[in-house]
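A.B. asks: Structure file final-v9.txt (compact mmCIF, C-alpha atoms) is given on the next line.
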# COMPACT_ATOMS: atom_id res chain seq x y z
CA MET A 1241 -3.26 -5.51 15.34
CA PRO A 1242 -2.88 -1.74 15.15
CA GLY A 1243 -4.54 0.72 17.44
CA SER A 1244 -3.79 3.36 20.01
CA SER A 1245 -0.56 2.94 21.83
CA PRO A 1246 -0.49 4.09 25.47
CA ARG A 1247 2.92 5.63 24.79
CA SER A 1248 1.71 7.57 21.75
CA GLY A 1249 -1.00 9.54 23.52
CA GLY A 1250 -3.63 7.77 21.42
CA PHE A 1251 -2.14 9.06 18.15
CA SER A 1252 -0.99 5.77 16.64
CA ARG A 1253 -3.28 4.15 14.08
CA GLY A 1254 -2.55 1.51 11.54
CA ALA A 1255 -3.68 -0.65 8.72
CA ALA A 1256 -4.66 -4.28 8.89
CA GLN A 1257 -1.54 -5.85 7.50
CA CYS A 1258 -1.56 -9.20 5.77
CA HIS A 1259 1.79 -9.20 4.03
CA PHE A 1260 2.22 -11.28 0.92
CA GLU A 1261 5.57 -12.80 1.87
CA GLY A 1262 5.36 -16.56 1.89
CA ILE A 1263 1.75 -16.73 0.71
CA SER A 1264 0.26 -20.18 0.40
CA ASN A 1265 -3.09 -21.86 0.91
CA LEU A 1266 -2.30 -21.80 4.62
CA PHE A 1267 -2.11 -18.01 4.38
CA LEU A 1268 -5.67 -17.91 3.03
CA GLN A 1269 -6.69 -19.81 6.15
CA ASP A 1270 -4.70 -17.37 8.30
CA LEU A 1271 -6.44 -14.45 6.63
CA ASP A 1272 -9.82 -16.05 7.32
CA ALA A 1273 -8.81 -16.52 10.96
CA ALA A 1274 -7.75 -12.85 11.23
CA LEU A 1275 -11.00 -11.45 9.84
CA PRO A 1276 -12.86 -11.37 13.19
CA LEU A 1277 -9.98 -9.44 14.75
CA ILE A 1278 -9.90 -7.01 11.82
CA GLU A 1279 -13.66 -6.53 12.20
CA LEU A 1280 -13.21 -5.86 15.92
CA TYR A 1281 -10.69 -3.06 15.26
CA LYS A 1282 -12.16 -1.73 12.00
CA ASP A 1283 -12.93 1.69 13.49
CA LYS A 1284 -9.27 2.14 14.42
CA LEU A 1285 -7.93 1.17 11.00
CA VAL A 1286 -7.04 3.71 8.32
CA GLY A 1287 -6.45 1.14 5.58
CA ILE A 1288 -5.83 -2.44 4.53
CA GLY A 1289 -2.22 -3.18 3.72
CA GLU A 1290 0.43 -3.98 2.98
CA VAL A 1291 -1.15 -6.22 0.38
CA GLY A 1292 -0.16 -7.12 -3.14
CA LEU A 1293 1.48 -9.56 -5.48
CA ASP A 1294 5.10 -10.72 -5.45
CA PHE A 1295 5.85 -12.75 -8.54
CA THR A 1296 9.59 -12.97 -8.01
CA PRO A 1297 10.79 -16.59 -8.29
CA ARG A 1298 11.54 -16.63 -4.54
CA PHE A 1299 7.82 -16.30 -3.74
CA ALA A 1300 6.01 -17.43 -6.88
CA SER A 1301 7.89 -19.87 -9.04
CA THR A 1302 4.74 -21.68 -10.21
CA ASP A 1303 1.41 -20.64 -11.69
CA GLU A 1304 -0.27 -22.25 -8.67
CA GLN A 1305 1.65 -19.96 -6.29
CA LYS A 1306 0.75 -16.91 -8.39
CA GLU A 1307 -2.90 -17.93 -8.36
CA GLY A 1308 -2.73 -18.39 -4.58
CA GLN A 1309 -1.46 -14.84 -4.21
CA ARG A 1310 -4.21 -13.56 -6.52
CA GLN A 1311 -6.86 -15.27 -4.37
CA VAL A 1312 -5.46 -13.70 -1.20
CA LEU A 1313 -5.39 -10.25 -2.82
CA ILE A 1314 -8.97 -10.67 -4.07
CA LYS A 1315 -10.07 -11.40 -0.50
CA GLN A 1316 -8.17 -8.37 0.78
CA ILE A 1317 -9.76 -6.14 -1.88
CA GLU A 1318 -13.20 -7.45 -0.87
CA LEU A 1319 -12.37 -6.74 2.78
CA ALA A 1320 -11.26 -3.18 2.01
CA ARG A 1321 -14.40 -2.54 -0.02
CA ARG A 1322 -16.66 -3.98 2.69
CA LEU A 1323 -15.01 -1.89 5.42
CA ASP A 1324 -14.78 1.16 3.14
CA LEU A 1325 -11.02 1.37 3.65
CA PRO A 1326 -8.25 2.13 1.15
CA LEU A 1327 -5.67 -0.42 0.08
CA ASN A 1328 -1.92 0.04 0.51
CA VAL A 1329 -0.51 -2.12 -2.31
CA HIS A 1330 3.00 -3.38 -3.00
CA SER A 1331 3.88 -5.24 -6.17
CA ARG A 1332 7.10 -6.95 -7.12
CA SER A 1333 7.63 -8.27 -10.62
CA ALA A 1334 3.85 -8.08 -10.98
CA GLY A 1335 3.02 -4.52 -12.07
CA ARG A 1336 0.51 -5.33 -14.81
CA PRO A 1337 -1.13 -8.28 -12.99
CA THR A 1338 -1.54 -6.11 -9.88
CA ILE A 1339 -3.12 -3.17 -11.72
CA ASN A 1340 -5.34 -5.50 -13.75
CA LEU A 1341 -6.57 -7.40 -10.68
CA LEU A 1342 -7.29 -4.19 -8.76
CA LYS A 1343 -9.33 -2.88 -11.69
CA GLU A 1344 -11.12 -6.23 -12.28
CA GLN A 1345 -12.12 -6.36 -8.61
CA GLY A 1346 -13.37 -2.78 -8.56
CA ALA A 1347 -10.79 -1.41 -6.12
CA THR A 1348 -11.17 2.36 -6.02
CA LYS A 1349 -9.15 3.71 -3.08
CA VAL A 1350 -5.63 2.51 -3.80
CA LEU A 1351 -2.11 3.63 -2.96
CA LEU A 1352 0.63 1.73 -4.77
CA HIS A 1353 3.50 2.42 -2.41
CA ALA A 1354 6.00 0.31 -4.28
CA PHE A 1355 5.45 -0.23 -7.96
CA ASP A 1356 8.08 -1.66 -10.27
CA GLY A 1357 6.01 -1.84 -13.44
CA LYS A 1358 6.44 0.07 -16.67
CA PRO A 1359 5.30 3.71 -16.90
CA SER A 1360 2.56 2.72 -19.40
CA VAL A 1361 1.15 0.26 -16.85
CA ALA A 1362 1.38 2.87 -14.09
CA MET A 1363 -0.64 5.22 -16.29
CA GLU A 1364 -3.41 2.58 -16.38
CA GLY A 1365 -3.48 2.85 -12.60
CA VAL A 1366 -3.51 6.65 -12.73
CA LYS A 1367 -6.48 6.50 -15.13
CA ALA A 1368 -8.23 4.22 -12.62
CA GLY A 1369 -7.71 6.89 -9.94
CA TYR A 1370 -4.93 5.11 -8.07
CA TYR A 1371 -2.16 6.98 -6.29
CA PHE A 1372 1.54 6.12 -6.43
CA SER A 1373 4.12 6.97 -3.81
CA ILE A 1374 7.74 7.75 -4.49
CA PRO A 1375 10.10 6.17 -1.96
CA PRO A 1376 13.42 7.55 -0.70
CA SER A 1377 15.19 4.86 -2.73
CA ILE A 1378 14.43 6.94 -5.84
CA ILE A 1379 17.87 8.49 -5.39
CA ARG A 1380 19.45 5.05 -5.79
CA SER A 1381 21.77 5.27 -2.80
CA GLU A 1382 22.83 2.31 -0.69
CA GLN A 1383 22.91 4.62 2.33
CA VAL A 1384 19.24 5.61 1.99
CA ARG A 1385 16.69 3.05 3.13
CA ASN A 1386 12.96 3.11 2.44
CA GLU A 1387 12.01 4.20 5.93
CA PRO A 1388 9.58 6.88 7.07
CA LYS A 1389 12.41 8.95 8.53
CA ASN A 1390 13.83 9.33 4.98
CA ILE A 1391 10.66 10.46 3.22
CA TYR A 1392 11.92 14.04 3.07
CA ILE A 1393 14.66 12.81 0.70
CA ALA A 1394 11.98 11.74 -1.79
CA ALA A 1395 10.19 15.09 -1.37
CA GLU A 1396 13.42 16.97 -2.10
CA TYR A 1397 14.04 14.84 -5.19
CA VAL A 1398 10.52 15.43 -6.54
CA ALA A 1399 10.87 19.17 -5.85
CA LYS A 1400 14.14 19.27 -7.77
CA ILE A 1401 12.69 17.42 -10.78
CA LYS A 1402 9.55 19.57 -10.87
CA GLY A 1403 11.39 22.81 -10.12
CA ILE A 1404 9.14 23.69 -7.16
CA PRO A 1405 9.78 24.31 -3.47
CA VAL A 1406 9.96 21.20 -1.30
CA GLU A 1407 7.26 22.71 0.93
CA GLU A 1408 4.86 22.57 -2.02
CA VAL A 1409 5.66 18.88 -2.55
CA VAL A 1410 5.02 18.20 1.14
CA GLU A 1411 1.72 20.12 1.01
CA VAL A 1412 0.45 18.36 -2.12
CA THR A 1413 1.50 14.90 -1.01
CA THR A 1414 -0.11 15.44 2.39
CA ARG A 1415 -3.37 16.46 0.69
CA ASN A 1416 -3.14 13.37 -1.52
CA ALA A 1417 -2.51 11.13 1.50
CA LEU A 1418 -5.62 12.54 3.15
CA LYS A 1419 -7.64 11.89 -0.01
CA VAL A 1420 -6.60 8.24 0.01
CA PHE A 1421 -6.65 7.79 3.80
CA PRO A 1422 -9.31 10.24 5.01
CA LYS A 1423 -9.34 8.80 8.54
CA LEU A 1424 -5.83 10.19 9.00
CA GLN A 1425 -7.37 13.66 9.30
CA ASN A 1426 -8.63 12.66 12.75
CA PHE A 1427 -5.08 12.06 13.95
CA LEU A 1428 -3.05 14.85 12.36
CA ARG A 1429 -2.29 18.27 13.73
CA ILE A 1430 -1.90 20.27 10.53
Please lay out the structure from this file as structure tokens.

C.D. replies:
Amino acid sequence: MPGSSPRSGGFSRGAAQCHFEGISNLFLQDLDAALPLIELYKDKLVGIGEVGLDFTPRFASTDEQKEGQRQVLIKQIELARRLDLPLNVHSRSAGRPTINLLKEQGATKVLLHAFDGKPSVAMEGVKAGYYFSIPPSIIRSEQVRNEPKNIYIAAEYVAKIKGIPVEEVVEVTTRNALKVFPKLQNFLRI
């Protein structure tokens, strides 16, 4: 469970993470069991995530498994709405089902940090007010991993495509992050 770390001078905050890997009916039970702990730390949380759908055959080879994932995500959306926290969503081979479910469930504060759907489906999310992040892997290099330390690589790439200074990309993306995760403002020194 995230919270202040003694080594971080109280700066560290997190999101309640209930990752979708290996979701099953047991995971729904695990989520139910974690809810009291999430409630206990709700004031220290900046979001709910990583949540989402993974419809790759490794994790969802049957309709029953896909439905199980949908039920878990519905519960996570309800939790985020109840706690007034944004969702940090990851989808794999489930772009349209993820966007559709978020919209059906009335999710409003959403960051899709990994989205592999078609641009037309992404635009449905944009119209719903969702934000999309661009990971360092955008440069398609085996040497660059999707890690926080490499985020500047994505900012440089966006700056190059848009023909603007990288500082402007950093400024705009920081403002966007604060729109989605307003509690971060309490922890940043900008």

A.B. asks: Where's the centre, and what are the edge lengths in Å to one decimal, of a box along x, y and z enclosing all listed atoms of range 1339-1355 of chain A padded 5 Å per side, as AutoDock Vina command-line options?

C.D. replies:
--center_x -3.7 --center_y -1.8 --center_z -8.1 --size_x 29.4 --size_y 21.1 --size_z 21.3

A.B. asks: If you count only C-alpha atoms, which residues fall within 10 Å of range 1361-1375 of chain A, apart from same-chain ones fewer than 2 positions away, as a PyMOL selection string?

C.D. replies: chain A and resi 1327-1329+1335-1340+1342-1343+1346-1359+1377-1379+1384-1388+1390-1395+1397-1398+1413+1416-1417+1419-1420

A.B. asks: Using Å and a single decimal, report how far CA of Ser1333 in chain A sits from CA of Asp1294 in chain A.

C.D. replies: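 Separation of CA of Asp1294 in chain A and CA of Ser1333 in chain A: 6.3 Å.
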
A.B. asks: Would you be able to write out as a ChimeraX atom specification which residues have an atom within 12 Å of (-12.7, 2.9, 3.1) in the file's coordinates, counting all atoms listed in the file?

C.D. replies: /A:1255,1282-1288,1317-1328,1347-1350,1418-1424

A.B. asks: Could those selected residues go to a file with C-alpha atoms, as a PDB file, in the frame of the given file?

C.D. replies:
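That gives us selection.pdb:
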ATOM      1  CA  ALA A1255      -3.680  -0.650   8.720  1.00  0.00           C
ATOM      2  CA  LYS A1282     -12.160  -1.730  12.000  1.00  0.00           C
ATOM      3  CA  ASP A1283     -12.930   1.690  13.490  1.00  0.00           C
ATOM      4  CA  LYS A1284      -9.270   2.140  14.420  1.00  0.00           C
ATOM      5  CA  LEU A1285      -7.930   1.170  11.000  1.00  0.00           C
ATOM      6  CA  VAL A1286      -7.040   3.710   8.320  1.00  0.00           C
ATOM      7  CA  GLY A1287      -6.450   1.140   5.580  1.00  0.00           C
ATOM      8  CA  ILE A1288      -5.830  -2.440   4.530  1.00  0.00           C
ATOM      9  CA  ILE A1317      -9.760  -6.140  -1.880  1.00  0.00           C
ATOM     10  CA  GLU A1318     -13.200  -7.450  -0.870  1.00  0.00           C
ATOM     11  CA  LEU A1319     -12.370  -6.740   2.780  1.00  0.00           C
ATOM     12  CA  ALA A1320     -11.260  -3.180   2.010  1.00  0.00           C
ATOM     13  CA  ARG A1321     -14.400  -2.540  -0.020  1.00  0.00           C
ATOM     14  CA  ARG A1322     -16.660  -3.980   2.690  1.00  0.00           C
ATOM     15  CA  LEU A1323     -15.010  -1.890   5.420  1.00  0.00           C
ATOM     16  CA  ASP A1324     -14.780   1.160   3.140  1.00  0.00           C
ATOM     17  CA  LEU A1325     -11.020   1.370   3.650  1.00  0.00           C
ATOM     18  CA  PRO A1326      -8.250   2.130   1.150  1.00  0.00           C
ATOM     19  CA  LEU A1327      -5.670  -0.420   0.080  1.00  0.00           C
ATOM     20  CA  ASN A1328      -1.920   0.040   0.510  1.00  0.00           C
ATOM     21  CA  ALA A1347     -10.790  -1.410  -6.120  1.00  0.00           C
ATOM     22  CA  THR A1348     -11.170   2.360  -6.020  1.00  0.00           C
ATOM     23  CA  LYS A1349      -9.150   3.710  -3.080  1.00  0.00           C
ATOM     24  CA  VAL A1350      -5.630   2.510  -3.800  1.00  0.00           C
ATOM     25  CA  LEU A1418      -5.620  12.540   3.150  1.00  0.00           C
ATOM     26  CA  LYS A1419      -7.640  11.890  -0.010  1.00  0.00           C
ATOM     27  CA  VAL A1420      -6.600   8.240   0.010  1.00  0.00           C
ATOM     28  CA  PHE A1421      -6.650   7.790   3.800  1.00  0.00           C
ATOM     29  CA  PRO A1422      -9.310  10.240   5.010  1.00  0.00           C
ATOM     30  CA  LYS A1423      -9.340   8.800   8.540  1.00  0.00           C
ATOM     31  CA  LEU A1424      -5.830  10.190   9.000  1.00  0.00           C
TER      32      LEU A1424
END

A.B. asks: By how many Å are CA of Ala1274 in chain A and CA of Thr1302 in chain A apart?

C.D. replies: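 Separation of CA of Ala1274 in chain A and CA of Thr1302 in chain A: 26.3 Å.
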
A.B. asks: Rounded to one decimal, what separation in Å do you get between CA of Phe1295 in chain A and CA of Asp1272 in chain A?

C.D. replies: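 If I compute the distance from CA of Phe1295 in chain A to CA of Asp1272 in chain A, I get 22.5 Å.
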
A.B. asks: Kindly complete range 1268-1279 of chain A to all heavy atoms; the output should be written as a short mmCIF file (atom, residue, chain, number, x, y, z; two decimals), in the frame of the given file.

C.D. replies:
data_model
loop_
_atom_site.label_atom_id
_atom_site.label_comp_id
_atom_site.auth_asym_id
_atom_site.auth_seq_id
_atom_site.Cartn_x
_atom_site.Cartn_y
_atom_site.Cartn_z
N LEU A 1268 -4.25 -18.18 3.21
CA LEU A 1268 -5.67 -17.91 3.03
C LEU A 1268 -6.42 -18.28 4.30
O LEU A 1268 -7.30 -17.54 4.75
CB LEU A 1268 -6.23 -18.68 1.84
CG LEU A 1268 -6.28 -17.97 0.50
CD1 LEU A 1268 -6.76 -18.90 -0.59
CD2 LEU A 1268 -7.15 -16.73 0.57
N GLN A 1269 -6.07 -19.40 4.89
CA GLN A 1269 -6.69 -19.81 6.15
C GLN A 1269 -6.35 -18.83 7.26
O GLN A 1269 -7.19 -18.50 8.09
CB GLN A 1269 -6.25 -21.23 6.52
CG GLN A 1269 -6.75 -22.28 5.55
CD GLN A 1269 -6.08 -23.63 5.75
OE1 GLN A 1269 -5.25 -23.79 6.63
NE2 GLN A 1269 -6.43 -24.59 4.92
N ASP A 1270 -5.10 -18.35 7.28
CA ASP A 1270 -4.70 -17.37 8.30
C ASP A 1270 -5.47 -16.07 8.13
O ASP A 1270 -5.89 -15.46 9.11
CB ASP A 1270 -3.20 -17.08 8.21
CG ASP A 1270 -2.35 -18.26 8.64
OD1 ASP A 1270 -2.87 -19.17 9.32
OD2 ASP A 1270 -1.16 -18.28 8.28
N LEU A 1271 -5.67 -15.66 6.89
CA LEU A 1271 -6.44 -14.45 6.63
C LEU A 1271 -7.87 -14.63 7.12
O LEU A 1271 -8.42 -13.75 7.78
CB LEU A 1271 -6.41 -14.10 5.14
CG LEU A 1271 -7.20 -12.85 4.72
CD1 LEU A 1271 -6.70 -11.61 5.45
CD2 LEU A 1271 -7.08 -12.66 3.21
N ASP A 1272 -8.47 -15.77 6.83
CA ASP A 1272 -9.82 -16.05 7.32
C ASP A 1272 -9.87 -15.99 8.84
O ASP A 1272 -10.82 -15.45 9.42
CB ASP A 1272 -10.29 -17.43 6.84
CG ASP A 1272 -10.64 -17.45 5.36
OD1 ASP A 1272 -10.91 -16.37 4.80
OD2 ASP A 1272 -10.65 -18.54 4.78
N ALA A 1273 -8.85 -16.52 9.49
CA ALA A 1273 -8.81 -16.52 10.96
C ALA A 1273 -8.65 -15.11 11.51
O ALA A 1273 -9.13 -14.81 12.60
CB ALA A 1273 -7.68 -17.42 11.46
N ALA A 1274 -7.98 -14.22 10.76
CA ALA A 1274 -7.75 -12.85 11.23
C ALA A 1274 -8.95 -11.94 11.02
O ALA A 1274 -9.04 -10.89 11.65
CB ALA A 1274 -6.53 -12.27 10.51
N LEU A 1275 -9.88 -12.32 10.17
CA LEU A 1275 -11.00 -11.45 9.84
C LEU A 1275 -11.81 -10.99 11.05
O LEU A 1275 -12.15 -9.80 11.14
CB LEU A 1275 -11.90 -12.10 8.79
CG LEU A 1275 -11.29 -12.20 7.40
CD1 LEU A 1275 -12.24 -12.93 6.44
CD2 LEU A 1275 -10.91 -10.85 6.84
N PRO A 1276 -12.12 -11.86 12.02
CA PRO A 1276 -12.86 -11.37 13.19
C PRO A 1276 -12.10 -10.29 13.97
O PRO A 1276 -12.70 -9.33 14.45
CB PRO A 1276 -13.06 -12.63 14.05
CG PRO A 1276 -12.95 -13.77 13.09
CD PRO A 1276 -11.97 -13.32 12.05
N LEU A 1277 -10.79 -10.44 14.06
CA LEU A 1277 -9.98 -9.44 14.75
C LEU A 1277 -9.97 -8.12 13.98
O LEU A 1277 -10.07 -7.03 14.57
CB LEU A 1277 -8.56 -9.97 14.94
CG LEU A 1277 -7.64 -9.18 15.85
CD1 LEU A 1277 -8.23 -9.05 17.25
CD2 LEU A 1277 -6.28 -9.85 15.92
N ILE A 1278 -9.86 -8.21 12.66
CA ILE A 1278 -9.90 -7.01 11.82
C ILE A 1278 -11.25 -6.31 11.99
O ILE A 1278 -11.32 -5.09 12.13
CB ILE A 1278 -9.61 -7.36 10.35
CG1 ILE A 1278 -8.16 -7.82 10.20
CG2 ILE A 1278 -9.91 -6.18 9.43
CD1 ILE A 1278 -7.82 -8.45 8.87
N GLU A 1279 -12.32 -7.09 11.99
CA GLU A 1279 -13.66 -6.53 12.20
C GLU A 1279 -13.75 -5.82 13.55
O GLU A 1279 -14.33 -4.75 13.66
CB GLU A 1279 -14.73 -7.63 12.13
CG GLU A 1279 -15.02 -8.13 10.74
CD GLU A 1279 -15.87 -7.18 9.93
OE1 GLU A 1279 -16.50 -6.26 10.50
OE2 GLU A 1279 -15.92 -7.36 8.71
#
